[in-house]
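Working notes, beginning with the structure itself.
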Amino acid sequence: MDPLYRAQGLHYSYRLEDQEIPVLKGVDLTIPPGSFTCLVGPSGSGKTTLLNILGLLDRPSRGTLAMSGQDLSNLSEDEFEILRLKKLGFIFQSFHLIPTLTALENTAYFLGTLGRSRSQALERASAMLELVGLKDHRHKRPGQLSSGQCQRVAIARAVAKGPEVILADEPTANLDRTTAEDIISVFQDLRAKEKVSFLFATHDMHLVSYAETTFKLQDGRLEPGVAA
Amino acid sequence: MSGLFFLSWRNLFRNPRRTAASLATVGLGAAGLLIYQGFNEGIMNQYRENVIRVRYGHGQVFPKGYRDRAHGNPREEWIKDPAKVEKELLSIPGVKQVYARSSFYSFLTKGPVRMAAKGEGVEWKKEPAFFTSMNFEEGSDLTGPAQVTLGRGLANSLGAKPGDEIRLMSQTVTGDINDIGVKVAGVFHTGAQDFDSGVFRVDLKTAQELLKTDRVELFTLQNDSIEAWPAVSKAIGEKLPQLDRVPYDELDAVYYKNAVNFLDAQFAFIRLIMLLIVALGIFNTITVGMLERAPEVGALRANGEPRRRLFGILVRENALLGVLGGALGIAVAVLMDKTILRGGIPMPPGPGITRHFLIFLEIQPRHYVQAMLLPMLATVLSGLWPVARLLRSGIPQLLRP
Ligand SMILES: Nc1ncnc2c1ncn2[C@@H]1O[C@H](COP(=O)(O)OP(=O)(O)O)[C@@H](O)[C@H]1O
Ligand SMILES: [Mg+2]
């Protein structure tokens, strides 16, 4: 079976005026399907940068990346869009829900994009909200929900698409300790029920402790297997 | 509600105060446009009324080909047996009244002053019922056969006032010279400058005696409404093929059509200015509202929301804002029309007109459509730049806090 991701020699530099700031300097990694993986490393080490590349939001300056055996180097922006819609789900530190929609409508959002009927979409969204424990809050708007509840909606929204992998940049950074633990157990639950991989960029050591695989970014390269 | 419109609709409530401010901007623009357009239409209406009620009625009928050719002796072409023709015209549905008229050139002599002017023989007993725009500055309209009324300018040139005796001298249909004495009944002004300075009116019968004819030059028609013309014209064509039918706006092409074209061109320009003002006025608000959603849009795009679909949603949002603002503008304009503008807007004389007007707004259904579409265009246009930024920026850039 092809790995979920296989990357070789990924390089990435930011350009600030005339200056090149190299952030990734030859990242190699292989992530199997169905895994629970964390990218760790000090602030500024390039976790977000690498996650953006693996999430098809950005392209490496150099190196090759394949997803489920498919080489991504020659795909167009539109093809990236389709892959992101069908295979990836994104979660963010600040949730980024649509404030004018209810929890249920937020969760159903991409099902609309995918062309599901309204009733189908709402049905699946309801089921997802139940899975993340928000059944009774589905008609509330993000403004009426706590941060932990918002993050659950964001998770439900990403998972509802039925992606192969959920990518999350610091998903617990805006949450207090107990809420973060709740969210982690939601991830655990989903992993069992939805057969989806998780890939986190985080410095939350509690979250890291649940990971099967941890990659540490150090000086632009990965040190595999280090649970820092 | 379809999915995308649902999203747009909800977005109006994201920041109600900002939405209200935008709606106010757009609404004022739309109301301004509508009031201006209604005003314009009101002016055109006044022009039209003036043209119809002073001179031409809803249209006139002439002997066939009469207006197209120069005639050695035009009076030989005039309408024979006018009483019979009148009866037939009156039997046509949509025709309310007809007024026989004959025009001729004549010398007017008062004491030592002699002038040439155009005379109109009119049915003075009938005409005042419809031709209400004749204003008498001095004296009155014709009250008997041996009388004349003079346009203001003509009266001034002759130094004539009501009660004065004037001799009319003209060529008869047979080429002889004939003259009769008439008494000045009144001095009129109609608002139409050329008319007021060179025309006098006498009783039709008196004119026929002067010219020694029992024919008439034309009939002026008073129809049930302006809109009745095409049907009336068609019926006359079938029933009285010896007559040409000419509507008022053709009879007064210079005066009326030019005025209409002038106002139309002016309006097209003002409309463009309004569009720009609304677009500029709302640009900042729309841009701020759009760009503050960068992280949210970034999250949608990260999850594979196609840019094309997002474009549709965002443009719909702005369009909706424009349409609602337009609806608000319509409400404001209608309210103003029904309240503070109800009494009309006093206006100085327009081009070619010598009297003051009261203009009433004439807001037409097609104006409402325009008052919705134009603001929509303005909001969509002013939203294009921020929308393009949201869709063209890299996703990491949108997501960066
Ligand atoms: N848009 C950018 N332009 C220039 N430098 C950037 C940009 N984004 C990130 N960087 C720099 O790249 C490095 C890695 O950033 P990032 O991937 O966000 O690290 P992490 O997520 O591990 O904190 C940091 O030094 C950061 O300052
Ligand atoms: Mg980061």
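Naming works like this for the structure tokens: A, B, ... for the chains as they're shown, residue 1 at the start of each chain, ligands 1 onward in shown order.
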
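Here is the contact set of chain A against chain B, at 6 Å and counting only C-alpha atoms: Leu57, Glu81, Arg84, Leu85, Gly89, Phe90, His96 and Thr100 of chain A.
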
Preceding selection exported with N, CA and C atoms as a CSV table (one decimal), in the first residue's frame:
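again-v6.csv was written with the following content:
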chain,number,residue,atom,x,y,z
A,57,LEU,N,-1.2,23.7,0.4
A,57,LEU,CA,-1.5,25.2,0.4
A,57,LEU,C,-0.3,25.9,-0.2
A,81,GLU,N,-6.9,22.1,-5.6
A,81,GLU,CA,-8.2,22.5,-5.0
A,81,GLU,C,-9.1,21.2,-4.8
A,84,ARG,N,-7.6,18.9,-2.2
A,84,ARG,CA,-7.9,19.5,-0.8
A,84,ARG,C,-9.3,19.2,-0.4
A,85,LEU,N,-10.2,19.4,-1.4
A,85,LEU,CA,-11.6,19.2,-1.1
A,85,LEU,C,-12.0,17.8,-0.7
A,89,GLY,N,-8.6,17.5,5.2
A,89,GLY,CA,-9.4,18.4,6.0
A,89,GLY,C,-8.5,19.2,6.9
A,90,PHE,N,-8.8,20.5,7.0
A,90,PHE,CA,-7.9,21.4,7.7
A,90,PHE,C,-8.6,21.9,9.0
A,96,HIS,N,-11.6,29.5,12.7
A,96,HIS,CA,-12.1,30.1,11.4
A,96,HIS,C,-13.4,29.5,10.9
A,100,THR,N,-21.7,33.6,10.7
A,100,THR,CA,-23.1,33.8,10.4
A,100,THR,C,-23.9,32.5,10.3

For ligand 1, return the neighbouring residues as a ChimeraX atom specification (distance at most 8 Å; only C-alpha atoms and all ligand atoms). /A:13-16,21-23,40-50,169,201,217 /B:396-397

At a cut-off of 9 Å, using only C-alpha atoms, what residues contact stretch 56-71 of chain B? Leave out same-chain residues fewer than 3 positions from it and give the result as a compact mmCIF listing (two decimals) with N, CA and C atoms, in the first residue's frame.
# COMPACT_ATOMS: atom_id res chain seq x y z
N VAL B 51 -47.04 71.00 -25.25
CA VAL B 51 -47.12 70.84 -26.70
C VAL B 51 -48.54 70.45 -27.11
N ILE B 52 -49.13 69.55 -26.35
CA ILE B 52 -50.46 69.04 -26.70
C ILE B 52 -51.53 70.09 -26.44
N ARG B 53 -51.45 70.72 -25.31
CA ARG B 53 -52.56 71.58 -24.88
C ARG B 53 -52.47 73.00 -25.40
N PRO B 74 -51.88 76.31 -51.62
CA PRO B 74 -52.18 75.23 -50.68
C PRO B 74 -53.67 75.10 -50.37
N ARG B 75 -54.38 76.20 -50.44
CA ARG B 75 -55.77 76.15 -50.00
C ARG B 75 -56.64 75.30 -50.91
N GLU B 76 -56.11 75.06 -52.13
CA GLU B 76 -56.87 74.18 -53.02
C GLU B 76 -56.85 72.74 -52.56
N GLU B 77 -55.88 72.43 -51.71
CA GLU B 77 -55.76 71.07 -51.21
C GLU B 77 -56.57 70.85 -49.94
N TRP B 78 -57.05 71.89 -49.33
CA TRP B 78 -57.68 71.80 -48.02
C TRP B 78 -58.85 70.82 -48.02
N ILE B 79 -59.25 70.46 -46.82
CA ILE B 79 -60.26 69.41 -46.66
C ILE B 79 -61.64 69.92 -47.07
N PHE B 130 -60.37 72.16 -24.18
CA PHE B 130 -59.19 71.28 -24.16
C PHE B 130 -57.89 72.06 -24.14
N PHE B 131 -57.84 73.15 -24.87
CA PHE B 131 -56.57 73.89 -25.00
C PHE B 131 -56.45 74.87 -23.86
N GLU B 217 -58.15 73.59 -43.27
CA GLU B 217 -56.80 73.06 -43.52
C GLU B 217 -56.59 71.71 -42.83
N LEU B 218 -57.09 71.63 -41.59
CA LEU B 218 -56.77 70.43 -40.81
C LEU B 218 -57.76 70.27 -39.67
N PHE B 219 -57.72 69.08 -39.07
CA PHE B 219 -58.43 68.87 -37.81
C PHE B 219 -57.42 68.49 -36.74
N THR B 220 -57.56 69.13 -35.60
CA THR B 220 -56.76 68.73 -34.44
C THR B 220 -57.59 67.74 -33.63
N LEU B 221 -56.92 66.68 -33.17
CA LEU B 221 -57.65 65.62 -32.47
C LEU B 221 -57.42 65.68 -30.97
N GLN B 222 -58.48 65.49 -30.25
CA GLN B 222 -58.37 65.26 -28.81
C GLN B 222 -58.81 63.82 -28.58
N ASN B 223 -57.87 62.98 -28.16
CA ASN B 223 -58.19 61.56 -27.96
C ASN B 223 -58.44 61.28 -26.48
N SER B 225 -56.61 59.46 -24.64
CA SER B 225 -55.33 59.54 -23.94
C SER B 225 -54.22 59.61 -24.98
N ILE B 226 -53.02 59.89 -24.50
CA ILE B 226 -51.86 59.93 -25.39
C ILE B 226 -51.65 58.56 -26.03
N ALA B 228 -53.71 56.45 -26.93
CA ALA B 228 -54.72 56.03 -27.90
C ALA B 228 -54.28 56.28 -29.34
N TRP B 229 -53.21 57.08 -29.52
CA TRP B 229 -52.86 57.52 -30.86
C TRP B 229 -52.71 56.40 -31.91
N SER B 233 -54.98 56.44 -35.15
CA SER B 233 -54.33 56.72 -36.42
C SER B 233 -54.64 55.62 -37.44
N ILE B 236 -58.28 55.88 -38.61
CA ILE B 236 -58.48 56.99 -39.56
C ILE B 236 -57.95 56.60 -40.93
N PRO B 241 -58.99 57.51 -46.01
CA PRO B 241 -57.66 57.37 -46.62
C PRO B 241 -57.17 58.66 -47.28
N GLN B 242 -58.07 59.63 -47.46
CA GLN B 242 -57.63 60.89 -48.08
C GLN B 242 -56.89 61.79 -47.08
N LEU B 243 -56.75 61.32 -45.83
CA LEU B 243 -56.10 62.15 -44.81
C LEU B 243 -54.78 61.56 -44.34
N ASP B 244 -53.83 62.44 -44.04
CA ASP B 244 -52.58 62.05 -43.37
C ASP B 244 -52.75 62.29 -41.88
N ARG B 245 -52.17 61.38 -41.08
CA ARG B 245 -52.26 61.57 -39.62
C ARG B 245 -50.86 61.84 -39.08
N VAL B 246 -50.73 62.85 -38.25
CA VAL B 246 -49.42 63.21 -37.70
C VAL B 246 -49.55 63.42 -36.19
N PRO B 247 -48.80 62.65 -35.38
CA PRO B 247 -48.89 62.83 -33.92
C PRO B 247 -48.16 64.09 -33.46
N TYR B 248 -48.46 64.51 -32.25
CA TYR B 248 -47.95 65.78 -31.73
C TYR B 248 -46.43 65.85 -31.72
N ASP B 249 -45.77 64.72 -31.43
CA ASP B 249 -44.31 64.80 -31.28
C ASP B 249 -43.63 64.97 -32.64
N GLU B 250 -44.32 64.54 -33.70
CA GLU B 250 -43.77 64.80 -35.03
C GLU B 250 -44.07 66.23 -35.46
N LEU B 251 -45.25 66.69 -35.09
CA LEU B 251 -45.62 68.05 -35.44
C LEU B 251 -44.68 69.05 -34.81
N ASP B 252 -44.16 68.67 -33.65
CA ASP B 252 -43.26 69.58 -32.96
C ASP B 252 -41.92 68.92 -32.73

Using only C-alpha atoms, determine which residues lie at most 7 Å from A:Tyr12, disregarding the query and same-chain residues fewer than 5 positions distant; provide the list as a PDB file with all heavy atoms, in the first residue's frame.
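Just written: out11.pdb:
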ATOM      1  N   PRO A  22      15.929  30.527   4.297  1.00  0.00           N
ATOM      2  CA  PRO A  22      15.669  29.093   4.149  1.00  0.00           C
ATOM      3  C   PRO A  22      15.058  28.547   5.431  1.00  0.00           C
ATOM      4  O   PRO A  22      15.545  28.834   6.522  1.00  0.00           O
ATOM      5  CB  PRO A  22      17.058  28.497   3.909  1.00  0.00           C
ATOM      6  CG  PRO A  22      18.023  29.503   4.404  1.00  0.00           C
ATOM      7  CD  PRO A  22      17.351  30.835   4.473  1.00  0.00           C
ATOM      8  N   VAL A  23      13.923  27.820   5.275  1.00  0.00           N
ATOM      9  CA  VAL A  23      13.253  27.267   6.451  1.00  0.00           C
ATOM     10  C   VAL A  23      13.344  25.744   6.424  1.00  0.00           C
ATOM     11  O   VAL A  23      13.700  25.116   7.416  1.00  0.00           O
ATOM     12  CB  VAL A  23      11.781  27.713   6.500  1.00  0.00           C
ATOM     13  CG1 VAL A  23      11.064  27.062   7.677  1.00  0.00           C
ATOM     14  CG2 VAL A  23      11.697  29.238   6.620  1.00  0.00           C
ATOM     15  N   LEU A  24      13.047  25.152   5.291  1.00  0.00           N
ATOM     16  CA  LEU A  24      13.204  23.700   5.150  1.00  0.00           C
ATOM     17  C   LEU A  24      14.425  23.450   4.272  1.00  0.00           C
ATOM     18  O   LEU A  24      14.573  24.052   3.214  1.00  0.00           O
ATOM     19  CB  LEU A  24      11.955  23.081   4.517  1.00  0.00           C
ATOM     20  CG  LEU A  24      10.619  23.377   5.213  1.00  0.00           C
ATOM     21  CD1 LEU A  24       9.468  22.680   4.487  1.00  0.00           C
ATOM     22  CD2 LEU A  24      10.656  22.960   6.683  1.00  0.00           C
ATOM     23  N   LYS A  25      15.284  22.557   4.753  1.00  0.00           N
ATOM     24  CA  LYS A  25      16.552  22.364   4.032  1.00  0.00           C
ATOM     25  C   LYS A  25      16.777  20.893   3.740  1.00  0.00           C
ATOM     26  O   LYS A  25      17.824  20.337   4.059  1.00  0.00           O
ATOM     27  CB  LYS A  25      17.721  22.893   4.879  1.00  0.00           C
ATOM     28  CG  LYS A  25      17.549  24.340   5.310  1.00  0.00           C
ATOM     29  CD  LYS A  25      18.624  24.717   6.328  1.00  0.00           C
ATOM     30  CE  LYS A  25      18.356  26.066   6.963  1.00  0.00           C
ATOM     31  NZ  LYS A  25      19.194  26.265   8.173  1.00  0.00           N
ATOM     32  N   PRO A  60       6.804  23.276  -2.361  1.00  0.00           N
ATOM     33  CA  PRO A  60       8.219  23.354  -1.964  1.00  0.00           C
ATOM     34  C   PRO A  60       9.048  24.022  -3.063  1.00  0.00           C
ATOM     35  O   PRO A  60       8.672  23.971  -4.232  1.00  0.00           O
ATOM     36  CB  PRO A  60       8.613  21.887  -1.794  1.00  0.00           C
ATOM     37  CG  PRO A  60       7.648  21.128  -2.658  1.00  0.00           C
ATOM     38  CD  PRO A  60       6.370  21.901  -2.639  1.00  0.00           C
ATOM     39  N   SER A  61      10.123  24.676  -2.653  1.00  0.00           N
ATOM     40  CA  SER A  61      11.004  25.269  -3.653  1.00  0.00           C
ATOM     41  C   SER A  61      11.746  24.166  -4.405  1.00  0.00           C
ATOM     42  O   SER A  61      12.111  24.323  -5.556  1.00  0.00           O
ATOM     43  CB  SER A  61      12.030  26.203  -3.014  1.00  0.00           C
ATOM     44  OG  SER A  61      11.611  26.677  -1.765  1.00  0.00           O
ATOM     45  N   ARG A  62      11.969  23.080  -3.697  1.00  0.00           N
ATOM     46  CA  ARG A  62      12.715  21.966  -4.282  1.00  0.00           C
ATOM     47  C   ARG A  62      12.262  20.674  -3.598  1.00  0.00           C
ATOM     48  O   ARG A  62      11.723  20.716  -2.498  1.00  0.00           O
ATOM     49  CB  ARG A  62      14.228  22.174  -4.020  1.00  0.00           C
ATOM     50  CG  ARG A  62      15.140  21.607  -5.037  1.00  0.00           C
ATOM     51  CD  ARG A  62      16.369  22.517  -5.345  1.00  0.00           C
ATOM     52  NE  ARG A  62      17.111  23.075  -4.233  1.00  0.00           N
ATOM     53  CZ  ARG A  62      18.107  22.444  -3.559  1.00  0.00           C
ATOM     54  NH1 ARG A  62      18.436  21.202  -3.847  1.00  0.00           N
ATOM     55  NH2 ARG A  62      18.758  23.069  -2.604  1.00  0.00           N
TER      56      ARG A  62
END

Distance in Å - atom CA of B:Ser140 versus atom CA of B:Val187: 7.3 Å

Just asking: which residues within stretch 33-97 of chain A are strand (DSSP E or B) according to DSSP, as JSON, numbers by chain? {"A": [36, 37, 38, 39, 40, 62, 63, 64, 65, 66, 67, 70, 71, 88, 89, 90, 91, 92]}

Let's have the selection written as a short mmCIF file (atom, residue, chain, number, x, y, z; two decimals), in the first residue's frame, with N, CA, C and O atoms.
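Just written: selection_24.cif:
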data_model
loop_
_atom_site.label_atom_id
_atom_site.label_comp_id
_atom_site.auth_asym_id
_atom_site.auth_seq_id
_atom_site.Cartn_x
_atom_site.Cartn_y
_atom_site.Cartn_z
N PHE A 36 -1.38 8.58 13.20
CA PHE A 36 -1.57 9.73 14.08
C PHE A 36 -0.18 10.32 14.30
O PHE A 36 0.62 9.77 15.03
N THR A 37 0.12 11.40 13.59
CA THR A 37 1.49 11.89 13.51
C THR A 37 1.58 13.32 14.03
O THR A 37 0.69 14.13 13.76
N CYS A 38 2.63 13.61 14.75
CA CYS A 38 2.85 14.99 15.19
C CYS A 38 4.16 15.52 14.66
O CYS A 38 5.17 14.82 14.63
N LEU A 39 4.12 16.78 14.21
CA LEU A 39 5.34 17.51 13.88
C LEU A 39 5.62 18.41 15.06
O LEU A 39 4.76 19.21 15.44
N VAL A 40 6.80 18.26 15.63
CA VAL A 40 7.13 19.14 16.75
C VAL A 40 8.38 19.93 16.41
O VAL A 40 9.02 19.71 15.38
N ARG A 62 11.97 23.08 -3.70
CA ARG A 62 12.72 21.97 -4.28
C ARG A 62 12.26 20.67 -3.60
O ARG A 62 11.72 20.72 -2.50
N GLY A 63 12.47 19.52 -4.24
CA GLY A 63 12.13 18.25 -3.61
C GLY A 63 10.85 17.68 -4.20
O GLY A 63 10.13 18.35 -4.95
N THR A 64 10.57 16.42 -3.87
CA THR A 64 9.38 15.77 -4.42
C THR A 64 8.44 15.37 -3.30
O THR A 64 8.86 15.05 -2.20
N LEU A 65 7.16 15.42 -3.65
CA LEU A 65 6.13 15.05 -2.68
C LEU A 65 5.09 14.21 -3.40
O LEU A 65 4.62 14.58 -4.48
N ALA A 66 4.76 13.05 -2.80
CA ALA A 66 3.71 12.21 -3.37
C ALA A 66 2.69 11.94 -2.29
O ALA A 66 3.02 11.83 -1.11
N MET A 67 1.43 11.89 -2.71
CA MET A 67 0.36 11.59 -1.77
C MET A 67 -0.36 10.36 -2.28
O MET A 67 -0.80 10.33 -3.44
N GLN A 70 0.57 9.35 -5.62
CA GLN A 70 0.44 10.31 -6.73
C GLN A 70 1.45 11.45 -6.56
O GLN A 70 1.47 12.12 -5.53
N ASP A 71 2.28 11.62 -7.60
CA ASP A 71 3.25 12.71 -7.56
C ASP A 71 2.52 14.04 -7.70
O ASP A 71 1.70 14.22 -8.58
N LEU A 88 -8.33 16.05 1.88
CA LEU A 88 -7.75 16.70 3.06
C LEU A 88 -8.81 17.43 3.87
O LEU A 88 -9.82 17.88 3.32
N GLY A 89 -8.55 17.52 5.17
CA GLY A 89 -9.39 18.36 6.01
C GLY A 89 -8.47 19.20 6.87
O GLY A 89 -7.48 18.70 7.39
N PHE A 90 -8.78 20.48 6.97
CA PHE A 90 -7.91 21.40 7.72
C PHE A 90 -8.59 21.92 8.97
O PHE A 90 -9.76 22.28 8.94
N ILE A 91 -7.80 21.98 10.03
CA ILE A 91 -8.28 22.57 11.28
C ILE A 91 -7.22 23.57 11.73
O ILE A 91 -6.03 23.35 11.52
N PHE A 92 -7.68 24.65 12.33
CA PHE A 92 -6.74 25.71 12.69
C PHE A 92 -6.83 26.05 14.17
O PHE A 92 -7.84 25.78 14.84
#

Can you tell me, as JSON, numbers by chain, what residues are no more than 12 Å from stretch 138-152 of chain A when counting only C-alpha atoms, ignoring any on the same chain fewer than 4 positions away? {"A": [90, 91, 92, 93, 94, 95, 96, 97, 98, 99, 100, 101, 102, 103, 104, 105, 106, 107, 108, 122, 123, 125, 126, 127, 128, 129, 130, 131, 132, 133, 134, 156, 157, 158, 159, 160, 168, 170, 171, 172, 173, 174, 175, 176, 177, 178, 179, 180, 181, 182, 183, 184, 185, 186, 187, 190], "B": [10, 14]}

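For the residues B:Phe5, B:Arg389, B:Arg400, B:Leu328, ranking by smallest atom-to-atom distance to ligand 2 using only C-alpha atoms and all ligand atoms places B:Arg400 first.
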